[in-house]
$ cat target33.cif   # mmCIF, C-alpha atoms
data_data
#
loop_
_atom_site.label_atom_id
_atom_site.label_comp_id
_atom_site.auth_asym_id
_atom_site.auth_seq_id
_atom_site.Cartn_x
_atom_site.Cartn_y
_atom_site.Cartn_z
CA MET A 38 89.17 121.12 82.29
CA GLU A 39 88.80 118.82 85.27
CA ILE A 40 86.23 119.23 88.01
CA GLU A 41 86.87 121.40 91.03
CA THR A 42 88.26 119.50 93.98
CA ALA A 43 86.49 121.20 96.90
CA VAL A 44 85.31 118.52 99.30
CA VAL A 45 81.53 118.18 99.59
CA PRO A 46 80.15 116.92 102.93
CA PRO A 47 79.19 113.23 102.66
CA SER A 48 75.56 112.39 102.04
CA PRO A 49 73.81 109.27 103.30
CA LEU A 50 73.13 106.61 100.72
CA PRO A 51 69.43 106.48 99.81
CA GLY A 52 69.22 102.68 100.14
CA PRO A 53 69.60 99.80 97.68
CA LEU A 54 68.66 100.38 94.06
CA ALA A 55 65.40 98.86 92.89
CA PRO A 56 63.39 98.43 89.66
CA GLY A 57 61.82 101.72 88.71
CA ASP A 58 64.95 103.69 89.59
CA THR A 59 66.81 105.63 86.90
CA VAL A 60 70.37 104.52 86.11
CA ALA A 61 72.92 106.37 83.99
CA VAL A 62 74.93 103.97 81.80
CA LEU A 63 78.13 105.22 80.17
CA GLY A 64 79.50 103.14 77.29
CA ALA A 65 78.36 101.25 74.21
CA GLY A 66 80.58 98.20 73.83
CA PRO A 67 79.60 94.51 73.86
CA MET A 68 79.15 94.55 77.63
CA VAL A 69 76.79 97.54 77.58
CA SER A 70 74.83 96.01 74.70
CA ARG A 71 74.02 93.12 77.05
CA ILE A 72 73.56 95.21 80.21
CA VAL A 73 70.97 97.61 78.81
CA PRO A 74 68.34 95.02 77.70
CA ARG A 75 68.62 93.25 81.07
CA LEU A 76 68.17 96.51 82.96
CA ARG A 77 65.12 97.34 80.85
CA LEU A 78 63.59 93.90 81.43
CA SER A 79 64.16 94.30 85.16
CA GLY A 80 62.28 97.59 85.25
CA PHE A 81 65.13 100.09 85.52
CA LEU A 82 64.93 103.35 83.58
CA ILE A 83 68.13 104.11 81.66
CA ARG A 84 69.91 107.29 80.64
CA LEU A 85 72.52 106.12 78.13
CA HIS A 86 75.58 107.96 76.82
CA HIS A 87 78.53 107.12 74.59
CA ARG A 88 81.06 109.48 73.05
CA THR A 89 80.34 107.93 69.63
CA PRO A 90 76.55 108.35 69.18
CA ASP A 91 76.46 106.05 66.13
CA LEU A 92 77.29 103.11 68.41
CA LEU A 93 74.02 103.67 70.28
CA GLU A 94 71.89 102.74 67.27
CA GLY A 95 69.47 100.05 68.31
CA GLN A 96 69.81 100.83 72.03
CA SER A 97 66.93 103.30 72.25
CA GLY A 98 63.56 102.01 73.33
CA ALA A 99 60.93 102.20 76.03
CA GLY A 100 62.56 103.27 79.28
CA THR A 101 65.85 104.35 77.63
CA THR A 102 66.87 107.96 77.05
CA LEU A 103 69.92 108.72 74.88
CA CYS A 104 72.02 111.55 76.30
CA SER A 105 74.58 113.74 74.54
CA THR A 106 76.97 114.06 77.51
CA PRO A 107 77.82 112.00 80.61
CA ARG A 108 76.71 114.95 82.73
CA GLU A 109 73.26 114.89 81.12
CA ALA A 110 73.02 111.14 81.65
CA ALA A 111 73.90 111.45 85.35
CA GLN A 112 71.40 114.22 86.08
CA GLY A 113 68.53 112.78 88.06
CA ALA A 114 69.94 109.24 88.07
CA ARG A 115 69.92 107.12 91.24
CA ALA A 116 73.21 105.50 90.16
CA VAL A 117 75.86 105.98 87.50
CA LEU A 118 77.45 102.90 85.90
CA SER A 119 80.42 103.02 83.53
CA ALA A 120 81.60 100.17 81.30
CA VAL A 121 84.25 101.54 78.94
CA SER A 122 87.58 100.34 77.56
CA GLY A 123 90.21 101.60 80.03
CA ASP A 124 91.72 104.53 81.92
CA ALA A 125 91.49 107.18 79.19
CA ALA A 126 87.87 106.43 78.34
CA SER A 127 86.91 106.26 82.02
CA ARG A 128 88.58 109.59 82.74
CA SER A 129 86.75 111.24 79.84
CA VAL A 130 83.27 110.13 80.97
CA TRP A 131 83.69 111.00 84.65
CA LEU A 132 85.72 114.23 84.73
CA GLY A 133 85.38 117.67 83.18
CA ALA A 134 82.56 120.15 82.87
CA ASP A 135 80.45 117.61 80.93
CA GLY A 136 81.55 114.58 82.96
CA ALA A 137 79.24 112.42 85.02
CA LEU A 138 80.62 113.73 88.32
CA ALA A 139 79.42 117.21 87.40
CA GLY A 140 75.84 115.97 86.98
CA ALA A 141 75.42 113.35 89.70
CA ARG A 142 73.67 114.18 92.95
CA PRO A 143 75.47 113.76 96.32
CA GLY A 144 74.96 110.28 97.72
CA THR A 145 74.72 108.65 94.28
CA PRO A 146 76.49 105.27 93.91
CA ALA A 147 79.18 105.59 91.22
CA VAL A 148 79.83 102.12 89.79
CA GLU A 149 82.87 101.57 87.57
CA CYS A 150 82.84 98.21 85.76
CA SER A 151 85.67 99.01 83.34
CA PRO A 152 89.11 97.34 83.42
CA LEU A 153 91.27 100.07 85.02
CA SER A 154 94.73 100.60 86.43
CA ASP A 155 95.06 100.83 90.19
CA GLY A 156 96.39 104.38 89.92
CA TRP A 157 93.39 105.69 87.99
CA THR A 158 90.95 103.77 90.22
CA THR A 159 92.43 105.54 93.24
CA ASP A 160 92.16 108.96 91.56
CA TRP A 161 88.62 108.23 90.36
CA ALA A 162 87.45 107.13 93.81
CA GLU A 163 88.92 110.26 95.39
CA ALA A 164 87.19 112.45 92.78
CA CYS A 165 83.89 110.70 93.58
CA ARG A 166 84.30 111.25 97.31
CA GLU A 167 85.10 114.92 96.72
CA ARG A 168 81.64 115.18 95.12
CA ALA A 169 80.06 113.18 97.99
CA LEU A 170 79.36 110.18 95.73
CA ALA A 171 79.76 106.55 96.80
CA PRO A 172 82.42 104.90 94.58
CA VAL A 173 82.31 101.17 93.85
CA ASP A 174 84.94 99.68 91.56
CA ALA A 175 83.23 96.62 90.13
CA PRO A 176 85.26 95.02 87.32
CA VAL A 177 83.41 92.20 85.61
CA THR A 178 85.08 88.91 84.67
CA GLY A 179 83.94 86.04 82.48
CA THR A 180 82.06 88.36 80.13
CA THR A 181 82.79 86.44 76.91
CA PRO A 182 81.29 83.04 77.85
CA ARG A 183 78.92 84.24 80.58
CA ALA A 184 77.41 87.55 79.39
CA PRO A 185 74.68 86.07 77.12
CA ASP A 186 72.98 84.36 80.07
CA GLY A 187 73.75 87.07 82.63
CA THR A 188 76.26 85.11 84.71
CA PRO A 189 79.50 87.15 84.75
CA ILE A 190 81.15 87.66 88.13
CA VAL A 191 81.93 90.98 89.81
CA PHE A 192 84.92 91.69 92.06
CA ALA A 193 83.75 94.75 93.99
CA GLY A 194 85.63 97.29 96.07
CA GLY A 195 83.92 99.95 98.15
CA SER A 196 82.35 100.58 101.52
CA ALA A 197 79.97 97.87 102.67
CA ALA A 198 77.05 100.32 102.39
CA ALA A 199 78.00 101.41 98.85
CA VAL A 200 78.40 97.85 97.57
CA GLU A 201 75.09 96.77 99.12
CA SER A 202 73.36 99.78 97.59
CA ALA A 203 74.69 98.87 94.15
CA ARG A 204 74.23 95.10 94.50
CA PRO A 205 70.64 94.95 93.12
CA LEU A 206 71.82 96.79 90.02
CA LEU A 207 74.85 94.54 89.49
CA ALA A 208 72.74 91.44 90.13
CA VAL A 209 70.65 92.19 87.02
CA PHE A 210 73.52 91.32 84.66
CA THR A 211 75.85 89.22 86.81
CA ASP A 212 75.66 85.98 88.75
CA ARG A 213 77.70 86.83 91.85
CA VAL A 214 79.16 89.94 93.47
CA PHE A 215 82.17 89.44 95.72
CA ARG A 216 83.13 92.39 97.92
CA LEU A 217 86.93 92.29 98.35
CA GLY A 218 87.38 95.34 100.58
CA PRO A 219 87.50 99.15 100.21
CA THR A 220 87.44 100.94 96.87
CA GLY A 221 90.24 99.64 94.66
CA ALA A 222 90.25 96.12 96.10
CA GLY A 223 87.98 94.85 93.32
CA GLY A 224 90.34 95.99 90.59
CA ARG A 225 93.40 94.68 92.41
CA PHE A 226 91.81 91.26 92.77
CA ARG A 227 90.85 91.27 89.09
CA GLN A 228 94.52 91.82 88.25
CA VAL A 229 95.46 88.84 90.42
CA ASP A 230 92.82 86.81 88.59
CA GLU A 231 94.16 87.97 85.21
CA LEU A 232 97.71 87.02 86.20
CA LEU A 233 96.46 83.52 86.99
CA ALA A 234 94.49 83.34 83.74
CA GLY A 235 97.48 84.54 81.73
CA SER A 236 99.74 81.96 83.36
CA LEU A 237 97.26 79.19 82.58
CA LEU A 238 96.94 80.40 78.99
CA ILE A 239 100.72 80.27 78.52
CA ALA A 240 100.83 76.78 80.03
CA LEU A 241 97.94 75.66 77.82
CA GLY A 242 99.68 77.04 74.75
CA GLU A 243 102.88 75.18 75.61
CA ALA A 244 100.91 71.97 76.19
CA PHE A 245 99.18 72.18 72.82
CA ALA A 246 102.37 73.08 70.99
CA THR A 247 103.81 69.88 72.44
CA ALA A 248 100.70 67.92 71.49
CA GLU A 249 100.99 69.19 67.93
CA ARG A 250 104.65 68.21 67.73
CA LEU A 251 103.69 64.74 68.97
CA GLY A 252 101.13 64.40 66.18
CA LEU A 253 98.01 64.39 68.37
CA ASP A 254 94.58 65.53 67.18
CA LEU A 255 94.36 68.95 68.88
CA ALA A 256 90.53 69.18 68.92
CA ARG A 257 90.29 65.72 70.45
CA ALA A 258 93.03 66.55 72.95
CA LEU A 259 91.13 69.66 74.10
CA ASP A 260 87.92 67.67 74.56
CA VAL A 261 89.68 65.04 76.65
CA LEU A 262 91.52 67.62 78.76
CA ALA A 263 88.25 69.43 79.45
CA GLU A 264 86.55 66.23 80.57
CA ALA A 265 89.26 64.23 82.27
CA GLY A 266 92.61 66.01 82.17
CA ARG A 267 94.57 67.93 84.76
CA SER A 268 93.86 71.39 83.33
CA GLY A 269 90.67 71.88 85.34
CA GLY A 270 89.74 75.16 83.66
CA VAL A 271 89.72 74.24 79.98
CA PRO A 272 86.21 74.93 78.57
CA PRO A 273 84.30 72.10 76.92
CA ALA A 274 83.94 71.91 73.15
CA ALA A 275 80.58 73.73 73.17
CA ASP A 276 82.24 76.86 74.64
CA ARG A 277 85.08 77.04 72.12
CA ALA A 278 83.22 78.85 69.31
CA PRO A 279 84.84 82.29 69.83
CA ARG A 280 88.29 80.81 69.40
CA VAL A 281 87.74 79.89 65.76
CA HIS A 282 87.51 83.59 64.93
CA ARG A 283 90.88 85.30 64.86
CA THR A 284 89.34 88.74 65.46
CA ASP A 285 87.74 87.56 68.70
CA ILE A 286 91.01 85.97 69.81
CA SER A 287 93.00 89.12 69.09
CA CYS A 288 90.51 91.32 70.90
CA ARG A 289 90.46 89.04 73.93
CA LEU A 290 94.26 88.84 74.07
CA ALA A 291 94.55 92.62 73.68
CA LEU A 292 92.30 93.15 76.69
CA MET A 293 94.23 90.57 78.68
CA ALA A 294 97.50 92.26 77.74
CA GLN A 295 96.11 95.57 79.02
CA ASP A 296 95.09 93.97 82.31
CA LEU A 297 98.44 92.21 82.69
CA GLY A 298 100.16 95.55 82.11
CA TYR A 299 98.09 97.08 84.91
CA ALA A 300 98.96 94.13 87.16
CA GLY A 301 102.66 94.42 86.39
CA ALA A 302 102.67 98.14 87.21
CA LEU A 303 100.87 97.47 90.50
CA THR A 304 103.31 94.70 91.41
CA ARG A 305 106.34 96.87 90.72
CA ARG A 306 104.89 99.68 92.81
CA SER A 307 104.03 97.42 95.75
CA VAL A 308 107.54 95.85 95.85
CA PRO A 309 109.84 98.91 96.07
CA HIS A 310 113.06 96.96 96.64
CA PRO A 311 114.28 94.03 94.55
CA LEU A 312 114.41 90.70 96.26
CA PRO A 313 117.93 89.67 97.30
CA ALA A 314 119.66 87.24 94.98
CA HIS A 315 119.74 83.70 96.25
CA ARG A 316 123.12 82.75 97.61
CA PRO A 317 123.77 79.08 98.33
CA SER A 318 125.10 78.47 101.81
CA VAL A 319 128.73 77.46 102.15
CA PRO A 320 129.44 74.60 104.57
#

$ encode --input "target33.cif" --output "structure tokens"
Amino acid sequence: MEIETAVVPPSPLPGPLAPGDTVAVLGAGPMVSRIVPRLRLSGFLIRLHHRTPDLLEGQSGAGTTLCSTPREAAQGARAVLSAVSGDAASRSVWLGADGALAGARPGTPAVECSPLSDGWTTDWAEACRERALAPVDAPVTGTTPRAPDGTPIVFAGGSAAAVESARPLLAVFTDRVFRLGPTGAGGRFRQVDELLAGSLLIALGEAFATAERLGLDLARALDVLAEAGRSGGVPPAADRAPRVHRTDISCRLALMAQDLGYAGALTRRSVPHPLPAHRPSVP
């Protein structure tokens, strides 16, 4: 059962988050496993929930409380942060009688770092506003190479006040936070970024298929392209370790495929009429 939709009068934001505040964290994937230790080291108190409790083994510790439901995690928290795998998982942790929206206090920043479709982001933000929360969609990019040293990048969407309130929290595990506009703009920009990344990946694949056909040493070709070629974004040899593991590659491509699917759906919705076919002029 989803939450009631009666509109609650807006509440003023209590100011930027700071060490010592309690934060609800929803999720237990690789991203959360890196977020939680950084939050603890920075002095935040954590109320942690995941729908599969076994995945939380090793996450408990001083300043961290494991919670059985998202609602329990959100109760008493100064902010709620979600980092799950997509629309379905996000919907399950926010909505319903045991969802985070049912436990969060009015005025609480609701921060969604998961890769989401534009449609669900819009619905989620509206549900937050109906409970007088301050929604910030804050998808994180560059998590694979940047997460270990806390330098991923956030594309944030939300009111200026909501983003500034959440910025000290996001800054704990990211390098930069770019506000792109109102709620939803962060996710839309991420989809643009993923379209660019996907296009570059296809081009890189074609280039290396050609290099292989020409009998070139592929490892040496990648090193030279990274240092002096025209690719610009090819990582140096030291950053290539994940690519030798097929499981990592498959997981990364699966996430990119999900994001590209979201981007394609958004593009089709934003262009309601097909472009006219090109007709050459007749002298």

$ atom_distance --input "target33.cif" --atom1 "CA of Leu138 (chain A)" --atom2 "CA of Trp161 (chain A)"
9.9 Å

$ resolve_selection --input "target33.cif" --expression "the PyMOL selection byres ((chain A and resi 197-207) around 9)" --output "MDAnalysis selection string"
chainID A and resid 50:56 60 76 81 116 146:148 171:173 175 191 193:196 208:214 216 218:219

$ atom_distance --input "target33.cif" --atom1 "CA of Phe245 (chain A)" --atom2 "CA of Arg227 (chain A)"
26.4 Å

$ residues_around --input "target33.cif" --residues "Asp160 (chain A)" --least-positions-apart "2" --cutoff "12 Å" --atoms "only C-alpha atoms" --output "PyMOL selection string"
chain A and resi 42+124+127-128+131-132+153-158+162-167+172+174+220-221

$ write_last_selection --input "target33.cif" --atoms "C-alpha atoms" --output "PDB file, in the frame of the given file"
ATOM      1  CA  THR A  42      88.260 119.500  93.980  1.00  0.00           C
ATOM      2  CA  ASP A 124      91.720 104.530  81.920  1.00  0.00           C
ATOM      3  CA  SER A 127      86.910 106.260  82.020  1.00  0.00           C
ATOM      4  CA  ARG A 128      88.580 109.590  82.740  1.00  0.00           C
ATOM      5  CA  TRP A 131      83.690 111.000  84.650  1.00  0.00           C
ATOM      6  CA  LEU A 132      85.720 114.230  84.730  1.00  0.00           C
ATOM      7  CA  LEU A 153      91.270 100.070  85.020  1.00  0.00           C
ATOM      8  CA  SER A 154      94.730 100.600  86.430  1.00  0.00           C
ATOM      9  CA  ASP A 155      95.060 100.830  90.190  1.00  0.00           C
ATOM     10  CA  GLY A 156      96.390 104.380  89.920  1.00  0.00           C
ATOM     11  CA  TRP A 157      93.390 105.690  87.990  1.00  0.00           C
ATOM     12  CA  THR A 158      90.950 103.770  90.220  1.00  0.00           C
ATOM     13  CA  ALA A 162      87.450 107.130  93.810  1.00  0.00           C
ATOM     14  CA  GLU A 163      88.920 110.260  95.390  1.00  0.00           C
ATOM     15  CA  ALA A 164      87.190 112.450  92.780  1.00  0.00           C
ATOM     16  CA  CYS A 165      83.890 110.700  93.580  1.00  0.00           C
ATOM     17  CA  ARG A 166      84.300 111.250  97.310  1.00  0.00           C
ATOM     18  CA  GLU A 167      85.100 114.920  96.720  1.00  0.00           C
ATOM     19  CA  PRO A 172      82.420 104.900  94.580  1.00  0.00           C
ATOM     20  CA  ASP A 174      84.940  99.680  91.560  1.00  0.00           C
ATOM     21  CA  THR A 220      87.440 100.940  96.870  1.00  0.00           C
ATOM     22  CA  GLY A 221      90.240  99.640  94.660  1.00  0.00           C
TER      23      GLY A 221
END

$ residues_around --input "target33.cif" --residues "Ser119 (chain A)" --least-positions-apart "3" --cutoff "7 Å" --atoms "all atoms listed in the file" --output "JSON, numbers by chain"
{"A": [62, 63, 64, 148, 149, 150, 151]}

$ resolve_selection --input "target33.cif" --expression "the PyMOL selection byres ((chain A and resi 88) around 8)" --output "number ranges by chain"
A: 64, 86-87, 89-90, 105-106

$ write_last_selection --input "target33.cif" --atoms "C-alpha atoms" --output "CSV table (one decimal), keeping the file's coordinate frame"
chain,number,residue,atom,x,y,z
A,64,GLY,CA,79.5,103.1,77.3
A,86,HIS,CA,75.6,108.0,76.8
A,87,HIS,CA,78.5,107.1,74.6
A,89,THR,CA,80.3,107.9,69.6
A,90,PRO,CA,76.6,108.4,69.2
A,105,SER,CA,74.6,113.7,74.5
A,106,THR,CA,77.0,114.1,77.5

$ atom_distance --input "target33.cif" --atom1 "CA of Asp58 (chain A)" --atom2 "CA of Pro74 (chain A)"
15.1 Å

$ residues_around --input "target33.cif" --residues "Ser129 (chain A)" --least-positions-apart "5" --cutoff "10 Å" --atoms "all atoms listed in the file" --output "PyMOL selection string"
chain A and resi 39+88+107+124+135-137

$ axis_aligned_box --input "target33.cif" --around "region 249-254 of chain A" --padding-each-side "8 Å" --output "AutoDock Vina command-line options"
--center_x 99.6 --center_y 66.8 --center_z 67.6 --size_x 26.1 --size_y 20.8 --size_z 18.8

$ closest_residue --input "target33.cif" --among "A:Gly223, A:Gly140, A:Gly100, A:Gly133" --to "Pro152 (chain A)" --atoms "all atoms listed in the file"
A:Gly223

$ closest_residue --input "target33.cif" --among "A:Leu238, A:Pro176, A:Ser70, A:Thr247" --to "Phe215 (chain A)" --atoms "only C-alpha atoms"
A:Pro176

$ closest_residue --input "target33.cif" --among "A:Val121, A:Leu251, A:Ala263, A:Ala240" --to "Gly66 (chain A)" --atoms "only C-alpha atoms"
A:Val121

$ closest_residue --input "target33.cif" --among "A:Ala141, A:Cys104, A:Ala126, A:Ala120" --to "Val177 (chain A)" --atoms "all atoms listed in the file"
A:Ala120

$ build_atoms --input "target33.cif" --residues "region 237-256 of chain A" --atoms "N, CA and C atoms" --output "tab-separated table (two decimals), in the coordinates of the input"
chain	number	residue	atom	x	y	z
A	237	LEU	N	97.89	80.42	83.07
A	237	LEU	CA	97.26	79.19	82.58
A	237	LEU	C	97.22	79.17	81.05
A	238	LEU	N	97.00	80.34	80.45
A	238	LEU	CA	96.94	80.40	78.99
A	238	LEU	C	98.30	80.07	78.38
A	239	ILE	N	99.37	80.59	79.00
A	239	ILE	CA	100.72	80.27	78.52
A	239	ILE	C	100.98	78.77	78.65
A	240	ALA	N	100.61	78.21	79.82
A	240	ALA	CA	100.83	76.78	80.03
A	240	ALA	C	100.02	75.95	79.04
A	241	LEU	N	98.78	76.39	78.77
A	241	LEU	CA	97.94	75.66	77.82
A	241	LEU	C	98.54	75.72	76.42
A	242	GLY	N	99.05	76.91	76.05
A	242	GLY	CA	99.68	77.04	74.75
A	242	GLY	C	100.89	76.13	74.59
A	243	GLU	N	101.71	76.06	75.65
A	243	GLU	CA	102.88	75.18	75.61
A	243	GLU	C	102.44	73.71	75.49
A	244	ALA	N	101.39	73.35	76.23
A	244	ALA	CA	100.91	71.97	76.19
A	244	ALA	C	100.43	71.60	74.79
A	245	PHE	N	99.71	72.50	74.14
A	245	PHE	CA	99.18	72.18	72.82
A	245	PHE	C	100.25	72.25	71.74
A	246	ALA	N	101.24	73.10	71.93
A	246	ALA	CA	102.37	73.08	70.99
A	246	ALA	C	103.08	71.73	71.06
A	247	THR	N	103.20	71.21	72.28
A	247	THR	CA	103.81	69.88	72.44
A	247	THR	C	102.94	68.80	71.83
A	248	ALA	N	101.62	68.90	72.06
A	248	ALA	CA	100.70	67.92	71.49
A	248	ALA	C	100.78	67.92	69.97
A	249	GLU	N	100.90	69.11	69.40
A	249	GLU	CA	100.99	69.19	67.93
A	249	GLU	C	102.28	68.56	67.43
A	250	ARG	N	103.37	68.81	68.14
A	250	ARG	CA	104.65	68.21	67.73
A	250	ARG	C	104.60	66.68	67.83
A	251	LEU	N	103.80	66.19	68.79
A	251	LEU	CA	103.69	64.74	68.97
A	251	LEU	C	102.67	64.11	68.02
A	252	GLY	N	102.05	64.93	67.18
A	252	GLY	CA	101.13	64.40	66.18
A	252	GLY	C	99.75	64.09	66.68
A	253	LEU	N	99.34	64.65	67.82
A	253	LEU	CA	98.01	64.39	68.37
A	253	LEU	C	96.96	65.26	67.68
A	254	ASP	N	95.71	64.77	67.68
A	254	ASP	CA	94.58	65.53	67.18
A	254	ASP	C	94.26	66.61	68.23
A	255	LEU	N	94.48	67.89	67.89
A	255	LEU	CA	94.36	68.95	68.88
A	255	LEU	C	92.92	69.12	69.38
A	256	ALA	N	91.92	69.04	68.49
A	256	ALA	CA	90.53	69.18	68.92
A	256	ALA	C	90.16	68.07	69.89
